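S.K.: File follows, upload30.txt with compact mmCIF, C-alpha atoms:
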# COMPACT_ATOMS: atom_id res chain seq x y z
CA MET R 1 6.77 17.78 -11.72
CA GLN R 2 6.65 15.12 -9.06
CA PRO R 3 9.13 12.48 -10.29
CA HIS R 4 7.48 9.52 -8.61
CA LYS R 5 3.87 10.35 -9.48
CA ALA R 6 2.65 6.94 -10.61
CA ALA R 7 4.23 5.11 -7.67
CA LEU R 8 2.86 7.62 -5.18
CA LEU R 9 -0.65 7.38 -6.65
CA ARG R 10 -0.52 3.60 -6.39
CA ARG R 11 0.54 3.85 -2.75
CA LEU R 12 -2.23 6.32 -1.98
CA ASN R 13 -4.74 4.07 -3.68
CA ARG R 14 -3.65 1.29 -1.39
CA ILE R 15 -3.91 3.59 1.63
CA ALA R 16 -7.45 4.60 0.61
CA GLY R 17 -8.26 0.88 0.54
CA GLN R 18 -6.77 0.44 4.01
CA VAL R 19 -8.95 3.29 5.32
CA ARG R 20 -12.06 1.65 3.83
CA GLY R 21 -10.90 -1.57 5.47
CA ILE R 22 -10.94 0.14 8.87
CA SER R 23 -14.53 1.27 8.21
CA SER R 24 -15.56 -2.31 7.43
CA MET R 25 -13.84 -3.59 10.56
CA ILE R 26 -15.77 -1.07 12.64
CA GLU R 27 -19.05 -1.92 10.92
CA GLN R 28 -18.42 -5.59 11.64
CA ASP R 29 -17.57 -4.88 15.30
CA ARG R 30 -14.15 -6.39 14.90
CA TYR R 31 -11.78 -6.54 17.82
CA CYS R 32 -10.47 -3.06 18.75
CA VAL R 33 -6.86 -4.18 19.07
CA ASP R 34 -6.94 -5.58 15.53
CA ILE R 35 -8.39 -2.31 14.21
CA LEU R 36 -5.72 -0.31 16.03
CA THR R 37 -3.01 -2.52 14.55
CA GLN R 38 -4.39 -1.77 11.09
CA ILE R 39 -4.49 1.96 11.79
CA SER R 40 -0.86 1.84 12.84
CA ALA R 41 -0.09 0.23 9.45
CA ILE R 42 -1.79 3.20 7.72
CA HIS R 43 0.43 5.61 9.65
CA SER R 44 3.48 3.71 8.40
CA ALA R 45 2.20 3.71 4.82
CA LEU R 46 1.53 7.46 4.98
CA ASP R 47 5.01 8.01 6.40
CA ALA R 48 6.51 6.20 3.44
CA VAL R 49 4.63 8.57 1.11
CA SER R 50 5.77 11.58 3.18
CA MET R 51 9.39 10.51 3.13
CA GLN R 52 9.25 10.11 -0.66
CA LEU R 53 7.70 13.56 -1.04
CA LEU R 54 10.16 15.09 1.39
CA GLY R 55 13.08 13.56 -0.48
CA ASP R 56 11.78 14.71 -3.87
CA HIS R 57 11.13 18.19 -2.48
CA THR R 58 14.63 18.46 -1.06
CA GLN R 59 16.32 17.14 -4.20
CA GLY R 60 14.10 19.40 -6.30
CA CYS R 61 12.87 22.71 -4.91
CA VAL R 62 15.22 23.08 -1.97
CA GLN R 63 18.31 22.19 -3.98
CA ALA R 64 17.28 24.56 -6.78
CA ALA R 65 16.68 27.39 -4.31
CA ILE R 66 20.11 26.86 -2.76
CA LYS R 67 21.81 26.78 -6.16
CA SER R 68 20.12 30.04 -7.13
CA GLY R 69 21.54 31.58 -3.93
CA ASN R 70 18.15 31.72 -2.24
CA GLY R 71 18.39 28.75 0.12
CA LYS R 72 17.39 30.28 3.45
CA PRO R 73 13.58 30.51 3.02
CA ALA R 74 13.42 27.09 1.33
CA ILE R 75 15.37 25.50 4.19
CA ASP R 76 13.25 27.23 6.83
CA GLU R 77 10.09 25.97 5.16
CA LEU R 78 11.57 22.46 4.90
CA LEU R 79 12.35 22.41 8.61
CA GLN R 80 8.89 23.65 9.48
CA VAL R 81 7.27 20.79 7.60
CA VAL R 82 9.69 18.23 9.07
CA ARG R 83 8.64 19.44 12.53
CA LYS R 84 5.03 18.42 11.73
CA PHE R 85 6.21 14.84 11.32
CA THR R 86 8.17 14.59 14.51
CA ARG R 87 6.35 13.95 17.75
CA MET P 1 -20.38 -3.51 20.23
CA GLN P 2 -18.40 -0.41 19.43
CA PRO P 3 -20.29 2.37 21.26
CA HIS P 4 -19.26 5.20 18.91
CA LYS P 5 -19.77 3.38 15.63
CA ALA P 6 -21.62 6.06 13.67
CA ALA P 7 -19.24 8.84 14.73
CA LEU P 8 -16.19 6.70 13.92
CA LEU P 9 -17.55 5.80 10.50
CA ARG P 10 -18.18 9.47 9.72
CA ARG P 11 -14.62 10.30 10.73
CA LEU P 12 -13.21 7.51 8.61
CA ASN P 13 -15.29 8.70 5.68
CA ARG P 14 -13.73 12.10 6.05
CA ILE P 15 -10.25 10.54 6.29
CA ALA P 16 -10.88 8.56 3.09
CA GLY P 17 -11.79 11.86 1.43
CA GLN P 18 -8.57 13.42 2.72
CA VAL P 19 -6.56 10.54 1.24
CA ARG P 20 -8.27 11.03 -2.14
CA GLY P 21 -7.45 14.73 -1.76
CA ILE P 22 -3.75 13.87 -1.49
CA SER P 23 -4.00 11.83 -4.71
CA SER P 24 -5.55 14.81 -6.52
CA MET P 25 -2.86 17.13 -5.22
CA ILE P 26 -0.19 14.79 -6.54
CA GLU P 27 -1.95 14.44 -9.90
CA GLN P 28 -2.09 18.23 -10.17
CA ASP P 29 1.59 18.58 -9.23
CA ARG P 30 0.72 20.71 -6.25
CA TYR P 31 3.46 22.07 -4.03
CA CYS P 32 5.11 19.29 -1.97
CA VAL P 33 5.04 21.24 1.27
CA ASP P 34 1.27 21.73 0.95
CA ILE P 35 0.80 18.01 0.31
CA LEU P 36 2.94 17.14 3.35
CA THR P 37 0.89 19.52 5.49
CA GLN P 38 -2.26 17.71 4.39
CA ILE P 39 -0.71 14.32 5.14
CA SER P 40 0.14 15.50 8.63
CA ALA P 41 -3.56 16.41 9.06
CA ILE P 42 -4.49 12.83 8.13
CA HIS P 43 -2.15 11.50 10.81
CA SER P 44 -3.92 13.71 13.36
CA ALA P 45 -7.35 12.59 12.19
CA LEU P 46 -6.29 8.93 12.40
CA ASP P 47 -4.92 9.53 15.87
CA ALA P 48 -8.29 10.90 16.98
CA VAL P 49 -9.92 7.67 15.74
CA SER P 50 -7.27 5.58 17.50
CA MET P 51 -7.69 7.39 20.80
CA GLN P 52 -11.46 6.86 20.62
CA LEU P 53 -10.98 3.16 19.92
CA LEU P 54 -8.34 2.83 22.62
CA GLY P 55 -10.63 4.51 25.15
CA ASP P 56 -13.60 2.34 24.21
CA HIS P 57 -11.44 -0.77 24.35
CA THR P 58 -10.11 0.09 27.80
CA GLN P 59 -13.54 1.02 29.18
CA GLY P 60 -14.98 -2.12 27.60
CA CYS P 61 -12.82 -5.20 27.13
CA VAL P 62 -9.95 -4.34 29.45
CA GLN P 63 -12.23 -3.26 32.29
CA ALA P 64 -14.38 -6.38 31.88
CA ALA P 65 -11.30 -8.62 31.91
CA ILE P 66 -10.03 -6.98 35.10
CA LYS P 67 -13.41 -7.32 36.79
CA SER P 68 -13.53 -11.00 35.90
CA GLY P 69 -10.13 -11.40 37.56
CA ASN P 70 -8.33 -11.90 34.27
CA GLY P 71 -6.73 -8.49 33.79
CA LYS P 72 -3.11 -9.41 33.12
CA PRO P 73 -3.34 -10.59 29.47
CA ALA P 74 -5.76 -7.77 28.57
CA ILE P 75 -3.42 -5.16 30.04
CA ASP P 76 -0.38 -6.68 28.32
CA GLU P 77 -2.18 -6.58 25.00
CA LEU P 78 -3.29 -2.99 25.61
CA LEU P 79 0.26 -1.91 26.31
CA GLN P 80 1.53 -3.66 23.22
CA VAL P 81 -0.89 -1.77 21.00
CA VAL P 82 -0.13 1.55 22.74
CA ARG P 83 3.54 0.97 21.94
CA LYS P 84 2.65 0.91 18.22
CA PHE P 85 1.39 4.48 18.51
CA THR P 86 4.39 5.93 20.30
CA ARG P 87 7.48 6.80 18.32
CA MET Y 1 5.44 1.37 45.39
CA GLN Y 2 6.97 1.26 41.95
CA PRO Y 3 7.74 -2.46 41.43
CA HIS Y 4 10.68 -1.94 39.06
CA LYS Y 5 12.38 0.87 40.93
CA ALA Y 6 15.99 -0.33 40.79
CA ALA Y 7 15.83 -1.25 37.11
CA LEU Y 8 14.20 2.08 36.22
CA LEU Y 9 16.82 4.04 38.17
CA ARG Y 10 19.59 2.18 36.36
CA ARG Y 11 17.99 2.99 33.01
CA LEU Y 12 17.61 6.66 33.92
CA ASN Y 13 21.23 6.76 35.02
CA ARG Y 14 22.21 5.51 31.63
CA ILE Y 15 19.95 8.09 29.94
CA ALA Y 16 21.54 10.88 32.01
CA GLY Y 17 24.90 9.65 30.73
CA GLN Y 18 23.61 9.70 27.15
CA VAL Y 19 22.46 13.32 27.60
CA ARG Y 20 25.91 14.28 28.92
CA GLY Y 21 27.33 12.46 25.89
CA ILE Y 22 25.34 14.75 23.58
CA SER Y 23 26.78 17.79 25.39
CA SER Y 24 30.32 16.49 24.84
CA MET Y 25 29.59 15.84 21.17
CA ILE Y 26 28.39 19.42 20.76
CA GLU Y 27 31.40 20.80 22.65
CA GLN Y 28 33.70 18.81 20.36
CA ASP Y 29 31.84 20.02 17.24
CA ARG Y 30 31.02 16.48 16.26
CA TYR Y 31 29.08 15.80 13.07
CA CYS Y 32 25.42 16.87 13.41
CA VAL Y 33 24.03 13.70 11.91
CA ASP Y 34 25.90 11.60 14.49
CA ILE Y 35 24.55 13.79 17.29
CA LEU Y 36 21.01 13.48 15.94
CA THR Y 37 21.39 9.70 15.78
CA GLN Y 38 22.39 9.69 19.45
CA ILE Y 39 19.42 11.90 20.37
CA SER Y 40 17.10 9.48 18.64
CA ALA Y 41 18.58 6.71 20.82
CA ILE Y 42 17.71 8.77 23.93
CA HIS Y 43 14.10 9.04 22.74
CA SER Y 44 13.98 5.25 22.43
CA ALA Y 45 15.51 4.75 25.87
CA LEU Y 46 12.99 7.18 27.40
CA ASP Y 47 10.17 5.37 25.63
CA ALA Y 48 11.27 2.11 27.21
CA VAL Y 49 11.07 3.76 30.64
CA SER Y 50 7.64 5.21 29.80
CA MET Y 51 6.28 1.89 28.65
CA GLN Y 52 7.46 0.26 31.87
CA LEU Y 53 5.83 2.98 33.96
CA LEU Y 54 2.65 2.85 31.89
CA GLY Y 55 2.45 -0.91 32.33
CA ASP Y 56 3.07 -0.74 36.06
CA HIS Y 57 0.51 2.05 36.40
CA THR Y 58 -2.12 0.08 34.50
CA GLN Y 59 -1.46 -3.16 36.40
CA GLY Y 60 -1.43 -1.22 39.66
CA CYS Y 61 -3.51 1.95 40.03
CA VAL Y 62 -5.84 1.52 37.08
CA GLN Y 63 -6.59 -2.11 37.85
CA ALA Y 64 -7.20 -1.30 41.53
CA ALA Y 65 -9.54 1.56 40.61
CA ILE Y 66 -11.54 -0.69 38.29
CA LYS Y 67 -11.78 -3.42 40.92
CA SER Y 68 -13.06 -0.90 43.47
CA GLY Y 69 -15.76 0.09 40.96
CA ASN Y 70 -14.18 3.43 40.22
CA GLY Y 71 -12.54 2.74 36.87
CA LYS Y 72 -13.82 5.65 34.75
CA PRO Y 73 -11.58 8.49 36.03
CA ALA Y 74 -8.50 6.23 36.16
CA ILE Y 75 -9.08 5.13 32.58
CA ASP Y 76 -9.68 8.69 31.38
CA GLU Y 77 -6.44 9.81 33.01
CA LEU Y 78 -4.58 6.83 31.50
CA LEU Y 79 -5.81 7.72 28.02
CA GLN Y 80 -4.84 11.35 28.48
CA VAL Y 81 -1.27 10.43 29.32
CA VAL Y 82 -1.08 7.92 26.46
CA ARG Y 83 -2.09 10.75 24.11
CA LYS Y 84 1.02 12.68 25.16
CA PHE Y 85 3.15 9.85 23.79
CA THR Y 86 1.49 9.55 20.42
CA ARG Y 87 2.41 12.01 17.73
CA MET Q 1 31.48 24.84 14.04
CA GLN Q 2 28.06 24.52 15.58
CA PRO Q 3 26.68 28.11 15.47
CA HIS Q 4 24.37 27.76 18.51
CA LYS Q 5 26.79 25.91 20.77
CA ALA Q 6 26.26 27.84 24.01
CA ALA Q 7 22.46 27.81 23.71
CA LEU Q 8 22.43 24.09 22.90
CA LEU Q 9 24.66 23.28 25.86
CA ARG Q 10 22.38 25.26 28.19
CA ARG Q 11 19.37 23.35 26.86
CA LEU Q 12 21.11 20.02 27.32
CA ASN Q 13 22.09 20.99 30.83
CA ARG Q 14 18.44 21.61 31.57
CA ILE Q 15 17.48 18.28 29.99
CA ALA Q 16 20.07 16.48 32.15
CA GLY Q 17 18.41 18.11 35.16
CA GLN Q 18 15.01 16.93 33.99
CA VAL Q 19 16.32 13.37 33.70
CA ARG Q 20 17.68 13.54 37.25
CA GLY Q 21 14.27 14.89 38.27
CA ILE Q 22 12.64 11.74 36.90
CA SER Q 23 15.02 9.60 38.96
CA SER Q 24 14.06 11.52 42.12
CA MET Q 25 10.36 11.12 41.33
CA ILE Q 26 10.83 7.37 40.99
CA GLU Q 27 12.89 7.19 44.21
CA GLN Q 28 10.12 9.04 46.02
CA ASP Q 29 7.41 6.77 44.56
CA ARG Q 30 5.68 9.72 42.96
CA TYR Q 31 2.49 9.20 40.97
CA CYS Q 32 3.21 7.41 37.65
CA VAL Q 33 1.07 9.76 35.60
CA ASP Q 34 3.04 12.75 36.87
CA ILE Q 35 6.31 11.03 36.02
CA LEU Q 36 5.04 10.20 32.53
CA THR Q 37 4.01 13.82 32.02
CA GLN Q 38 7.54 14.90 32.92
CA ILE Q 39 9.05 12.35 30.54
CA SER Q 40 6.89 13.70 27.75
CA ALA Q 41 8.34 17.17 28.52
CA ILE Q 42 11.84 15.74 28.07
CA HIS Q 43 10.90 14.39 24.65
CA SER Q 44 9.73 17.88 23.67
CA ALA Q 45 12.90 19.48 24.98
CA LEU Q 46 15.04 16.97 23.07
CA ASP Q 47 13.01 17.63 19.93
CA ALA Q 48 13.77 21.33 20.23
CA VAL Q 49 17.48 20.50 20.35
CA SER Q 50 17.13 18.16 17.37
CA MET Q 51 15.30 20.72 15.28
CA GLN Q 52 18.01 23.28 16.01
CA LEU Q 53 20.72 20.81 15.01
CA LEU Q 54 18.80 19.74 11.93
CA GLY Q 55 18.36 23.35 10.85
CA ASP Q 56 22.01 24.18 11.43
CA HIS Q 57 23.07 21.05 9.58
CA THR Q 58 20.88 21.87 6.58
CA GLN Q 59 21.96 25.51 6.46
CA GLY Q 60 25.55 24.43 6.89
CA CYS Q 61 26.73 21.06 5.58
CA VAL Q 62 23.84 20.23 3.27
CA GLN Q 63 23.80 23.67 1.67
CA ALA Q 64 27.57 23.61 1.21
CA ALA Q 65 27.41 20.16 -0.38
CA ILE Q 66 24.72 21.30 -2.81
CA LYS Q 67 26.67 24.43 -3.74
CA SER Q 68 29.76 22.33 -4.44
CA GLY Q 69 27.65 20.21 -6.79
CA ASN Q 70 27.64 17.23 -4.46
CA GLY Q 71 24.16 17.50 -2.97
CA LYS Q 72 22.80 13.98 -3.49
CA PRO Q 73 24.63 12.08 -0.70
CA ALA Q 74 24.11 14.96 1.77
CA ILE Q 75 20.38 15.06 1.03
CA ASP Q 76 20.06 11.27 1.29
CA GLU Q 77 21.79 11.34 4.67
CA LEU Q 78 19.57 14.23 5.82
CA LEU Q 79 16.43 12.30 4.91
CA GLN Q 80 17.68 9.21 6.66
CA VAL Q 81 18.15 11.09 9.90
CA VAL Q 82 14.78 12.85 9.57
CA ARG Q 83 13.19 9.42 9.27
CA LYS Q 84 14.54 8.54 12.72
CA PHE Q 85 12.50 11.39 14.19
CA THR Q 86 9.20 10.53 12.56
CA ARG Q 87 7.07 7.82 14.07
Please go through the file and, once you have read it, give me the structure as structure tokens.

M.R.:
Amino acid sequence: MQPHKAALLRRLNRIAGQVRGISSMIEQDRYCVDILTQISAIHSALDAVSMQLLGDHTQGCVQAAIKSGNGKPAIDELLQVVRKFTR
Amino acid sequence: MQPHKAALLRRLNRIAGQVRGISSMIEQDRYCVDILTQISAIHSALDAVSMQLLGDHTQGCVQAAIKSGNGKPAIDELLQVVRKFTR
Amino acid sequence: MQPHKAALLRRLNRIAGQVRGISSMIEQDRYCVDILTQISAIHSALDAVSMQLLGDHTQGCVQAAIKSGNGKPAIDELLQVVRKFTR
Amino acid sequence: MQPHKAALLRRLNRIAGQVRGISSMIEQDRYCVDILTQISAIHSALDAVSMQLLGDHTQGCVQAAIKSGNGKPAIDELLQVVRKFTR
């Protein structure tokens, strides 16, 4: 089970609110640069969620796989998902 | 006025749905790697919105500022917001 | 002509030195995490060069194209290159 | 010892050449957009090196630390360095 479930759900709730905020800004024809600044804040908030999940996954699944002598596929999969978060 | 308002709002609606999808995945203790893959899709979807906004802003405000002989501050501001979207 | 030529060449010289530094670290079997930290510094240094070039290009070519009434293709090209620097 | 030493050194040699190529382009006042495109290729080449190092580090040091019952600090350090490569 995800060890930081409640905290992650709270963060995602906040992110959903930020996305709705972007919609309102667009509806109200707010200044583009301000909207873009807000979008960049959503990226950062999502990255914080990802880093939490990545940490939990490594401490949990990956570590367990390694201990059971089956680390290779778990590590390969981990690296593949990390690659999605690099440029 | 934002020239692609309706399309942007539809995209943001879809992004809001993707964020709620992440919450459900966490509630259901879905596999971390799958959740991270979905989060990376949200980053891409947000980037598509940002690039649309950045294009509209450049074609609109920045171009107008340059034509009125007042390009420098508009370009500086543009660059500053671009920087937020690079690593 | 590139207005910040000398400064850019100095920066690139330093970046070339940083890349050689990574090679030495690998040859000496230095700790991976330290090497990765150095690589991330090279990314930042390259980004500083890119932002300078992007600014000069916008102030120069893009602004000139807009003033001559031919802004659209210059702006499209600008946006396309910006996209390469976002994730 | 780094298991992919020779291959990594060849890659870094090529990256050093790419950096010198950027310097030449700037000296020759080449078109900014072309220079930026080349810089974005260097980022990709560096990322390939980083992913190799990150994989080797995880298969090597991190796995060994976990097997010896001392995984926590190695995983924390791994995550910290991954964070440097996300936006």

S.K.: Pick out the chain Q residues within 12 Å of chain P. Count only C-alpha atoms. Give them as a ChimeraX atom specification.

M.R.: /Q:40,43,83-87

S.K.: Work out how far CA of Leu36 (chain Q) is from CA of Ile35 (chain Y), in Å to one decimal.

M.R.: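 The value is 25.0 Å.
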
S.K.: Tell me which protein, DNA and RNA residues are within 12 Å of Ser68 (chain R), counting only C-alpha atoms, leaving out same-chain ones fewer than 5 positions away, and put them as an MDAnalysis selection string.

M.R.: (chainID R and resid 61:63 74) or (chainID Q and resid 63 66:67)

S.K.: Could you list, as a ChimeraX atom specification, every residue within 8 Å of region 48-57 of chain P, counting only C-alpha atoms and ignoring same-chain residues fewer than 3 positions away?

M.R.: /R:32-33,36,39 /P:2-3,8,11-12,44-45,60-62 /Y:75-76,79,83

S.K.: Taking into account only C-alpha atoms, which residue in the set P:Gly69, P:Gly21, P:Asn13, P:Ala6 is nearest to Asp34 (chain P)?

M.R.: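 Using only C-alpha atoms, Asp34 (chain P) sits closest to P:Gly21.
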
S.K.: Step by step: locate region 34-45 of chain R in the block above, keep all heavy atoms, then write the file as a PDB file, in the first residue's frame.

M.R.:
ATOM      1  N   ASP R  34       1.000  35.513 -16.956  1.00  0.00           N
ATOM      2  CA  ASP R  34       0.551  35.092 -15.628  1.00  0.00           C
ATOM      3  C   ASP R  34       0.023  33.658 -15.665  1.00  0.00           C
ATOM      4  O   ASP R  34       0.252  32.874 -14.731  1.00  0.00           O
ATOM      5  CB  ASP R  34      -0.547  36.029 -15.112  1.00  0.00           C
ATOM      6  CG  ASP R  34      -0.008  37.439 -14.869  1.00  0.00           C
ATOM      7  OD1 ASP R  34       1.219  37.589 -14.729  1.00  0.00           O
ATOM      8  OD2 ASP R  34      -0.820  38.384 -14.829  1.00  0.00           O
ATOM      9  N   ILE R  35      -0.685  33.319 -16.728  1.00  0.00           N
ATOM     10  CA  ILE R  35      -1.205  31.948 -16.857  1.00  0.00           C
ATOM     11  C   ILE R  35      -0.026  30.971 -16.960  1.00  0.00           C
ATOM     12  O   ILE R  35      -0.003  29.936 -16.286  1.00  0.00           O
ATOM     13  CB  ILE R  35      -2.127  31.817 -18.099  1.00  0.00           C
ATOM     14  CG1 ILE R  35      -3.266  32.853 -18.035  1.00  0.00           C
ATOM     15  CG2 ILE R  35      -2.687  30.397 -18.200  1.00  0.00           C
ATOM     16  CD1 ILE R  35      -4.202  32.827 -19.246  1.00  0.00           C
ATOM     17  N   LEU R  36       0.947  31.328 -17.788  1.00  0.00           N
ATOM     18  CA  LEU R  36       2.107  30.448 -17.958  1.00  0.00           C
ATOM     19  C   LEU R  36       2.858  30.253 -16.643  1.00  0.00           C
ATOM     20  O   LEU R  36       3.336  29.151 -16.345  1.00  0.00           O
ATOM     21  CB  LEU R  36       3.042  31.010 -19.040  1.00  0.00           C
ATOM     22  CG  LEU R  36       2.503  30.840 -20.467  1.00  0.00           C
ATOM     23  CD1 LEU R  36       3.231  31.769 -21.441  1.00  0.00           C
ATOM     24  CD2 LEU R  36       2.635  29.394 -20.938  1.00  0.00           C
ATOM     25  N   THR R  37       2.961  31.323 -15.863  1.00  0.00           N
ATOM     26  CA  THR R  37       3.612  31.202 -14.556  1.00  0.00           C
ATOM     27  C   THR R  37       2.867  30.208 -13.668  1.00  0.00           C
ATOM     28  O   THR R  37       3.471  29.383 -12.977  1.00  0.00           O
ATOM     29  CB  THR R  37       3.685  32.589 -13.886  1.00  0.00           C
ATOM     30  OG1 THR R  37       4.427  33.459 -14.762  1.00  0.00           O
ATOM     31  CG2 THR R  37       4.370  32.537 -12.541  1.00  0.00           C
ATOM     32  N   GLN R  38       1.532  30.258 -13.723  1.00  0.00           N
ATOM     33  CA  GLN R  38       0.737  29.314 -12.935  1.00  0.00           C
ATOM     34  C   GLN R  38       0.908  27.882 -13.428  1.00  0.00           C
ATOM     35  O   GLN R  38       0.941  26.938 -12.645  1.00  0.00           O
ATOM     36  CB  GLN R  38      -0.749  29.690 -13.004  1.00  0.00           C
ATOM     37  CG  GLN R  38      -1.110  30.902 -12.162  1.00  0.00           C
ATOM     38  CD  GLN R  38      -0.605  30.784 -10.744  1.00  0.00           C
ATOM     39  OE1 GLN R  38       0.365  31.446 -10.355  1.00  0.00           O
ATOM     40  NE2 GLN R  38      -1.214  29.910  -9.970  1.00  0.00           N
ATOM     41  N   ILE R  39       0.976  27.724 -14.753  1.00  0.00           N
ATOM     42  CA  ILE R  39       1.172  26.367 -15.292  1.00  0.00           C
ATOM     43  C   ILE R  39       2.522  25.817 -14.831  1.00  0.00           C
ATOM     44  O   ILE R  39       2.643  24.646 -14.471  1.00  0.00           O
ATOM     45  CB  ILE R  39       1.077  26.362 -16.835  1.00  0.00           C
ATOM     46  CG1 ILE R  39      -0.362  26.687 -17.267  1.00  0.00           C
ATOM     47  CG2 ILE R  39       1.499  24.993 -17.408  1.00  0.00           C
ATOM     48  CD1 ILE R  39      -0.569  26.762 -18.774  1.00  0.00           C
ATOM     49  N   SER R  40       3.521  26.691 -14.790  1.00  0.00           N
ATOM     50  CA  SER R  40       4.829  26.190 -14.361  1.00  0.00           C
ATOM     51  C   SER R  40       4.777  25.765 -12.881  1.00  0.00           C
ATOM     52  O   SER R  40       5.473  24.819 -12.474  1.00  0.00           O
ATOM     53  CB  SER R  40       5.926  27.217 -14.660  1.00  0.00           C
ATOM     54  OG  SER R  40       6.438  27.803 -13.506  1.00  0.00           O
ATOM     55  N   ALA R  41       3.914  26.405 -12.091  1.00  0.00           N
ATOM     56  CA  ALA R  41       3.737  25.979 -10.697  1.00  0.00           C
ATOM     57  C   ALA R  41       3.073  24.592 -10.625  1.00  0.00           C
ATOM     58  O   ALA R  41       3.377  23.796  -9.730  1.00  0.00           O
ATOM     59  CB  ALA R  41       2.903  27.006  -9.928  1.00  0.00           C
ATOM     60  N   ILE R  42       2.181  24.301 -11.570  1.00  0.00           N
ATOM     61  CA  ILE R  42       1.548  22.968 -11.587  1.00  0.00           C
ATOM     62  C   ILE R  42       2.596  21.894 -11.909  1.00  0.00           C
ATOM     63  O   ILE R  42       2.610  20.826 -11.292  1.00  0.00           O
ATOM     64  CB  ILE R  42       0.384  22.911 -12.608  1.00  0.00           C
ATOM     65  CG1 ILE R  42      -0.692  23.939 -12.239  1.00  0.00           C
ATOM     66  CG2 ILE R  42      -0.224  21.502 -12.663  1.00  0.00           C
ATOM     67  CD1 ILE R  42      -1.893  23.947 -13.172  1.00  0.00           C
ATOM     68  N   HIS R  43       3.470  22.193 -12.872  1.00  0.00           N
ATOM     69  CA  HIS R  43       4.545  21.235 -13.169  1.00  0.00           C
ATOM     70  C   HIS R  43       5.341  20.931 -11.901  1.00  0.00           C
ATOM     71  O   HIS R  43       5.652  19.778 -11.617  1.00  0.00           O
ATOM     72  CB  HIS R  43       5.490  21.799 -14.237  1.00  0.00           C
ATOM     73  CG  HIS R  43       4.975  21.697 -15.642  1.00  0.00           C
ATOM     74  ND1 HIS R  43       4.727  20.515 -16.276  1.00  0.00           N
ATOM     75  CD2 HIS R  43       4.663  22.651 -16.553  1.00  0.00           C
ATOM     76  CE1 HIS R  43       4.302  20.740 -17.519  1.00  0.00           C
ATOM     77  NE2 HIS R  43       4.252  22.029 -17.707  1.00  0.00           N
ATOM     78  N   SER R  44       5.691  21.977 -11.148  1.00  0.00           N
ATOM     79  CA  SER R  44       6.478  21.752  -9.933  1.00  0.00           C
ATOM     80  C   SER R  44       5.693  20.916  -8.915  1.00  0.00           C
ATOM     81  O   SER R  44       6.253  20.020  -8.277  1.00  0.00           O
ATOM     82  CB  SER R  44       6.846  23.081  -9.272  1.00  0.00           C
ATOM     83  OG  SER R  44       7.553  23.893 -10.181  1.00  0.00           O
ATOM     84  N   ALA R  45       4.401  21.208  -8.783  1.00  0.00           N
ATOM     85  CA  ALA R  45       3.589  20.457  -7.821  1.00  0.00           C
ATOM     86  C   ALA R  45       3.481  18.992  -8.243  1.00  0.00           C
ATOM     87  O   ALA R  45       3.555  18.081  -7.406  1.00  0.00           O
ATOM     88  CB  ALA R  45       2.205  21.095  -7.695  1.00  0.00           C
TER      89      ALA R  45
END
